[in-house]
Amino acid sequence: MNKRGVTLVDSLVAAAIMVMLVSVFAQAIAVAKKELAASGKKMTALYEVRSLMEKAMATPFASLPSLQGEQVAVSSLGPDSYLITVTVDWLPNRPPLKLCAMRFDQ
């Protein structure tokens with residue numbers, strides 16, 4: 001740099017650095033926005049899993065097999081016990097959320 005001011009090369013280098021920094025921040029913001037949306041969908045799926053499991057736990061023991069469906073699996077472990085598995089898909093490229101519980105006849 002000379003004593004009279006900034007050269008054209010100095011200005012171009014500074015502009016290139018600024019463009020790189022802005023593009024990095026823009027990408028970080030885009031990724032954060034995408035993850036925030038996915039987090040909201042996951043929270044909704046968690047509420048759904050919990051709701052379905054609470055329904056299964058409130059169902060009378062003898063009626064548990066009637067809950068068998070797309071999201072709820074009821075497997076007999078013996079004459080007085082069932083394994084209840086609730087599965088909810090929340091995003092196509094992510095593994096489903098699963099919640100399992102054992103229920104015994106009292």
# chains A, B, ... in the order shown; residues from 1 in each chain; ligands from 1
>>> select_by_dssp(residues="chain A", states="strand (DSSP E or B)", output="ChimeraX atom specification")
/A:2,5,72-78,81-88,97-104
>>> select_by_dssp(residues="segment 25-93 of chain A", states="helix (DSSP H, G or I)", output="ChimeraX atom specification")
/A:25-58,61-67
>>> closest_atom_pairs(of="segment 66-86 of chain A", to="segment 90-100 of chain A", cutoff="6 Å", atoms="only C-alpha atoms", output="JSON lines")
{"residue": "A:Ile84", "atom": "CA", "partner": "A:Cys100", "partner_atom": "CA", "distance": 5.6}
{"residue": "A:Thr85", "atom": "CA", "partner": "A:Cys100", "partner_atom": "CA", "distance": 4.4}
{"residue": "A:Val86", "atom": "CA", "partner": "A:Leu99", "partner_atom": "CA", "distance": 5.2}
>>> write_last_selection(atoms="N, CA and C atoms", output="mmCIF file, in the first residue's frame")
data_model
loop_
_atom_site.group_PDB
_atom_site.id
_atom_site.type_symbol
_atom_site.label_atom_id
_atom_site.label_comp_id
_atom_site.auth_asym_id
_atom_site.auth_seq_id
_atom_site.Cartn_x
_atom_site.Cartn_y
_atom_site.Cartn_z
ATOM 1 N N ILE A 84 -46.095 -52.981 24.187
ATOM 2 C CA ILE A 84 -46.737 -51.971 23.350
ATOM 3 C C ILE A 84 -45.629 -51.113 22.741
ATOM 4 N N THR A 85 -45.634 -50.995 21.415
ATOM 5 C CA THR A 85 -44.646 -50.180 20.710
ATOM 6 C C THR A 85 -45.384 -49.144 19.877
ATOM 7 N N VAL A 86 -45.074 -47.884 20.104
ATOM 8 C CA VAL A 86 -45.661 -46.789 19.331
ATOM 9 C C VAL A 86 -44.574 -46.234 18.424
#
>>> atom_distance(atom1="atom CA of Ile29 of chain A", atom2="atom CA of Glu48 of chain A")
29.0 Å
>>> atom_distance(atom1="atom CA of Glu70 of chain A", atom2="atom CA of Thr87 of chain A")
8.3 Å
